[in-house]
Amino acid sequence: EDLHIGLDFNIGNMNGVTFVKRGETYHAVETLIESHRDGKKIYDTQEMIEEIRARYGSTGRRIYVYPDSNSAGQRRDGHPQTFAQRLHAAGFIVRRRTKNPYVVDRVSTVNKALEDSKVFISQRGCKPLVESMTKQAYNKKGEPDKESGYDDPNDAFGYFVSFIFPLRRPVHTVNAVYAP
């Protein structure tokens, strides 16, 4: 099966959620937060690339990655390539927006996709994601609390879901009659 991986970039705390498509629905099957090799958090883009390769190998399947849009311009450690360029150079198909949707829109999109049974989550393979989704708090401005650490897996999940099922705002037309 082709793999679809939502990615949230944080130096020292990379997060990913792996999905597979079954019919018209997508299933989150694994959360990528800690390395299988040593159990430590995945530190940066290069470690995430290595972890994806270690877990899923190179069996000829296509691996699509859905990073947050900031990946197009971010570089670290003097590396000449942006995060998105590094993912592409690693052989992944990078699908990203030019601008992230507003957080409230991304949350609404995720809620709608779950409500409409377009997206499912494996409780066994995605324990950190399930915990984050159930414990995510919001501040007084209605924004996700960044202090608890529960926002990162949710962001990785949301970048993928909002790309595949973008929020569609209704268009209202007004019939105006011009009367001089």
# chains A, B, ... in the order shown; residues from 1 in each chain; ligands from 1
>>> select_by_dssp(residues="chain A", states="alpha helix (DSSP H)", output="VMD selection string")
chain A and resid 45 to 56 83 to 89 103 to 115 127 to 135 151 to 164
>>> residues_around(residues="stretch 48-61 of chain A", least_positions_apart="5", cutoff="9 Å", atoms="only C-alpha atoms", output="MDAnalysis selection string")
chainID A and resid 1:3 14:16 32:37 42:43 86:87 90
>>> residues_around(residues="A:Arg169", least_positions_apart="5", cutoff="12 Å", atoms="only C-alpha atoms", output="list in words")
Asp105, Ser108 and Thr109 of chain A
>>> write_last_selection(atoms="C-alpha atoms", output="PDB file, in the first residue's frame")
ATOM      1  CA  ASP A 105     -10.062  25.667  10.050  1.00  0.00           C
ATOM      2  CA  SER A 108     -12.824  21.962  11.929  1.00  0.00           C
ATOM      3  CA  THR A 109     -11.608  19.930   8.949  1.00  0.00           C
TER       4      THR A 109
END
>>> select_by_dssp(residues="stretch 13-158 of chain A", states="strand (DSSP E)", output="ChimeraX atom specification")
/A:15-22,25-32,63-67,93-94,119-121
>>> closest_residue(among="A:Ser132, A:Arg62, A:Tyr150, A:Tyr26", to="A:Phe92", atoms="only C-alpha atoms")
A:Arg62
>>> residues_around(residues="A:Thr18", least_positions_apart="2", cutoff="8 Å", atoms="only C-alpha atoms", output="ChimeraX atom specification")
/A:3-6,16,20,28-32
>>> write_last_selection(atoms="all heavy atoms", output="PDB file, in the first residue's frame")
ATOM      1  N   LEU A   3       1.841   4.878   1.275  1.00  0.00           N
ATOM      2  CA  LEU A   3       1.762   5.472   2.609  1.00  0.00           C
ATOM      3  C   LEU A   3       1.619   6.977   2.468  1.00  0.00           C
ATOM      4  O   LEU A   3       2.178   7.588   1.562  1.00  0.00           O
ATOM      5  CB  LEU A   3       3.017   5.154   3.420  1.00  0.00           C
ATOM      6  CG  LEU A   3       3.311   3.679   3.641  1.00  0.00           C
ATOM      7  CD1 LEU A   3       4.623   3.514   4.405  1.00  0.00           C
ATOM      8  CD2 LEU A   3       2.170   2.998   4.393  1.00  0.00           C
ATOM      9  N   HIS A   4       0.879   7.575   3.384  1.00  0.00           N
ATOM     10  CA  HIS A   4       0.665   9.009   3.446  1.00  0.00           C
ATOM     11  C   HIS A   4       1.050   9.432   4.862  1.00  0.00           C
ATOM     12  O   HIS A   4       0.475   8.922   5.831  1.00  0.00           O
ATOM     13  CB  HIS A   4      -0.794   9.349   3.164  1.00  0.00           C
ATOM     14  CG  HIS A   4      -1.262   8.845   1.834  1.00  0.00           C
ATOM     15  ND1 HIS A   4      -1.219   9.616   0.698  1.00  0.00           N
ATOM     16  CD2 HIS A   4      -1.756   7.643   1.458  1.00  0.00           C
ATOM     17  CE1 HIS A   4      -1.676   8.911  -0.322  1.00  0.00           C
ATOM     18  NE2 HIS A   4      -2.008   7.705   0.118  1.00  0.00           N
ATOM     19  N   ILE A   5       2.011  10.354   4.979  1.00  0.00           N
ATOM     20  CA  ILE A   5       2.532  10.709   6.302  1.00  0.00           C
ATOM     21  C   ILE A   5       2.417  12.216   6.522  1.00  0.00           C
ATOM     22  O   ILE A   5       3.065  13.009   5.825  1.00  0.00           O
ATOM     23  CB  ILE A   5       4.000  10.260   6.462  1.00  0.00           C
ATOM     24  CG1 ILE A   5       4.116   8.751   6.203  1.00  0.00           C
ATOM     25  CG2 ILE A   5       4.521  10.622   7.850  1.00  0.00           C
ATOM     26  CD1 ILE A   5       5.549   8.230   6.174  1.00  0.00           C
ATOM     27  N   GLY A   6       1.590  12.604   7.487  1.00  0.00           N
ATOM     28  CA  GLY A   6       1.516  13.998   7.905  1.00  0.00           C
ATOM     29  C   GLY A   6       2.701  14.287   8.810  1.00  0.00           C
ATOM     30  O   GLY A   6       3.028  13.473   9.673  1.00  0.00           O
ATOM     31  N   GLY A  16       5.077  12.590  13.261  1.00  0.00           N
ATOM     32  CA  GLY A  16       4.461  12.149  12.025  1.00  0.00           C
ATOM     33  C   GLY A  16       3.326  11.194  12.324  1.00  0.00           C
ATOM     34  O   GLY A  16       3.303  10.545  13.372  1.00  0.00           O
ATOM     35  N   VAL A  20      -2.919   4.933   5.639  1.00  0.00           N
ATOM     36  CA  VAL A  20      -3.112   4.138   4.433  1.00  0.00           C
ATOM     37  C   VAL A  20      -4.528   4.407   3.937  1.00  0.00           C
ATOM     38  O   VAL A  20      -5.421   4.723   4.719  1.00  0.00           O
ATOM     39  CB  VAL A  20      -2.897   2.620   4.658  1.00  0.00           C
ATOM     40  CG1 VAL A  20      -1.442   2.329   4.992  1.00  0.00           C
ATOM     41  CG2 VAL A  20      -3.817   2.076   5.717  1.00  0.00           C
ATOM     42  N   ALA A  28      -5.319   6.132   9.993  1.00  0.00           N
ATOM     43  CA  ALA A  28      -4.066   6.449  10.681  1.00  0.00           C
ATOM     44  C   ALA A  28      -3.630   5.164  11.372  1.00  0.00           C
ATOM     45  O   ALA A  28      -4.343   4.640  12.227  1.00  0.00           O
ATOM     46  CB  ALA A  28      -4.275   7.570  11.694  1.00  0.00           C
ATOM     47  N   VAL A  29      -2.482   4.644  10.972  1.00  0.00           N
ATOM     48  CA  VAL A  29      -2.055   3.331  11.467  1.00  0.00           C
ATOM     49  C   VAL A  29      -0.855   3.384  12.405  1.00  0.00           C
ATOM     50  O   VAL A  29      -0.612   2.438  13.151  1.00  0.00           O
ATOM     51  CB  VAL A  29      -1.744   2.363  10.305  1.00  0.00           C
ATOM     52  CG1 VAL A  29      -3.018   2.052   9.521  1.00  0.00           C
ATOM     53  CG2 VAL A  29      -0.670   2.924   9.374  1.00  0.00           C
ATOM     54  N   GLU A  30      -0.106   4.501  12.369  1.00  0.00           N
ATOM     55  CA  GLU A  30       1.072   4.566  13.231  1.00  0.00           C
ATOM     56  C   GLU A  30       1.467   6.020  13.468  1.00  0.00           C
ATOM     57  O   GLU A  30       1.361   6.855  12.575  1.00  0.00           O
ATOM     58  CB  GLU A  30       2.239   3.815  12.579  1.00  0.00           C
ATOM     59  CG  GLU A  30       3.421   3.625  13.491  1.00  0.00           C
ATOM     60  CD  GLU A  30       4.454   2.663  12.917  1.00  0.00           C
ATOM     61  OE1 GLU A  30       4.539   2.499  11.684  1.00  0.00           O
ATOM     62  OE2 GLU A  30       5.178   2.087  13.718  1.00  0.00           O
ATOM     63  N   THR A  31       1.910   6.287  14.695  1.00  0.00           N
ATOM     64  CA  THR A  31       2.418   7.603  15.044  1.00  0.00           C
ATOM     65  C   THR A  31       3.933   7.549  15.063  1.00  0.00           C
ATOM     66  O   THR A  31       4.510   6.639  15.665  1.00  0.00           O
ATOM     67  CB  THR A  31       1.887   8.045  16.422  1.00  0.00           C
ATOM     68  OG1 THR A  31       0.465   7.896  16.446  1.00  0.00           O
ATOM     69  CG2 THR A  31       2.221   9.493  16.708  1.00  0.00           C
ATOM     70  N   LEU A  32       4.572   8.493  14.397  1.00  0.00           N
ATOM     71  CA  LEU A  32       6.037   8.561  14.340  1.00  0.00           C
ATOM     72  C   LEU A  32       6.508   9.683  15.265  1.00  0.00           C
ATOM     73  O   LEU A  32       6.480  10.856  14.890  1.00  0.00           O
ATOM     74  CB  LEU A  32       6.508   8.838  12.916  1.00  0.00           C
ATOM     75  CG  LEU A  32       6.034   7.883  11.833  1.00  0.00           C
ATOM     76  CD1 LEU A  32       6.379   8.418  10.454  1.00  0.00           C
ATOM     77  CD2 LEU A  32       6.632   6.517  12.040  1.00  0.00           C
TER      78      LEU A  32
END
>>> residues_around(residues="A:Val103", least_positions_apart="2", cutoff="12 Å", atoms="only C-alpha atoms", output="ChimeraX atom specification")
/A:68,99-101,105-110,138,141-145,151,154-155,158-159,162,167
>>> write_last_selection(atoms="N, CA and C atoms", output="CSV table (one decimal), in the first residue's frame")
chain,number,residue,atom,x,y,z
A,68,ASP,N,4.0,20.5,7.2
A,68,ASP,CA,3.5,21.9,7.3
A,68,ASP,C,4.1,22.8,6.3
A,99,LYS,N,0.5,27.8,2.1
A,99,LYS,CA,0.2,28.4,3.3
A,99,LYS,C,-0.6,27.5,4.2
A,100,ASN,N,-0.3,27.4,5.5
A,100,ASN,CA,-1.0,26.5,6.3
A,100,ASN,C,-2.4,27.1,6.5
A,101,PRO,N,-3.5,26.2,6.6
A,101,PRO,CA,-4.8,26.8,6.9
A,101,PRO,C,-4.8,27.3,8.3
A,105,ASP,N,-9.6,26.4,11.2
A,105,ASP,CA,-10.1,25.7,10.1
A,105,ASP,C,-9.5,24.2,10.0
A,106,ARG,N,-8.3,24.1,10.4
A,106,ARG,CA,-7.7,22.7,10.4
A,106,ARG,C,-8.4,21.8,11.4
A,107,VAL,N,-8.7,22.4,12.6
A,107,VAL,CA,-9.4,21.6,13.6
A,107,VAL,C,-10.8,21.3,13.1
A,108,SER,N,-11.5,22.2,12.5
A,108,SER,CA,-12.8,22.0,11.9
A,108,SER,C,-12.8,20.9,10.9
A,109,THR,N,-11.8,20.9,10.0
A,109,THR,CA,-11.6,19.9,8.9
A,109,THR,C,-11.4,18.5,9.5
A,110,VAL,N,-10.6,18.4,10.6
A,110,VAL,CA,-10.3,17.1,11.2
A,110,VAL,C,-11.6,16.6,11.8
A,138,TYR,N,-7.0,24.2,25.1
A,138,TYR,CA,-6.9,25.4,24.3
A,138,TYR,C,-6.8,26.6,25.3
A,141,LYS,N,-7.6,32.4,24.0
A,141,LYS,CA,-7.8,32.9,22.6
A,141,LYS,C,-8.4,31.8,21.7
A,142,GLY,N,-8.6,30.6,22.2
A,142,GLY,CA,-9.1,29.5,21.4
A,142,GLY,C,-8.0,28.8,20.6
A,143,GLU,N,-6.8,29.0,20.9
A,143,GLU,CA,-5.7,28.4,20.2
A,143,GLU,C,-5.2,27.2,21.0
A,144,PRO,N,-4.6,26.2,20.3
A,144,PRO,CA,-4.1,25.0,21.0
A,144,PRO,C,-3.0,25.4,22.0
A,145,ASP,N,-3.0,24.9,23.2
A,145,ASP,CA,-2.0,25.1,24.2
A,145,ASP,C,-0.7,24.4,23.7
A,151,ASP,N,-0.1,19.2,21.2
A,151,ASP,CA,-0.5,19.8,20.0
A,151,ASP,C,0.3,19.2,18.8
A,154,ASN,N,-1.2,16.2,16.9
A,154,ASN,CA,-2.5,16.7,16.3
A,154,ASN,C,-2.2,17.5,15.1
A,155,ASP,N,-1.1,18.3,15.1
A,155,ASP,CA,-0.7,19.1,14.0
A,155,ASP,C,-0.3,18.1,12.8
A,158,GLY,N,-3.4,16.8,11.4
A,158,GLY,CA,-4.2,17.8,10.8
A,158,GLY,C,-3.7,18.3,9.5
A,159,TYR,N,-2.3,18.3,9.3
A,159,TYR,CA,-1.8,18.7,8.0
A,159,TYR,C,-2.2,17.8,6.9
A,162,SER,N,-6.3,18.0,6.4
A,162,SER,CA,-6.7,19.3,5.8
A,162,SER,C,-6.2,19.4,4.4
A,167,LEU,N,-11.2,22.3,3.8
A,167,LEU,CA,-12.4,23.0,4.2
A,167,LEU,C,-13.0,23.7,3.0
>>> closest_residue(among="A:Phe83, A:Phe165, A:Tyr102, A:Phe19", to="A:Gly125", atoms="only C-alpha atoms")
A:Phe19
>>> atom_distance(atom1="atom CA of A:Lys21", atom2="atom CA of A:Val119")
9.3 Å
>>> atom_distance(atom1="atom CA of A:Phe9", atom2="atom CA of A:Val104")
19.2 Å
>>> atom_distance(atom1="atom CA of A:Leu129", atom2="atom CA of A:Gly149")
11.2 Å
>>> closest_residue(among="A:Val17, A:Asn139, A:Thr45, A:Arg97", to="A:Ile164", atoms="only C-alpha atoms")
A:Arg97
>>> closest_residue(among="A:Gly12, A:Pro67, A:Gly39, A:Gly23", to="A:Val161", atoms="only C-alpha atoms")
A:Pro67
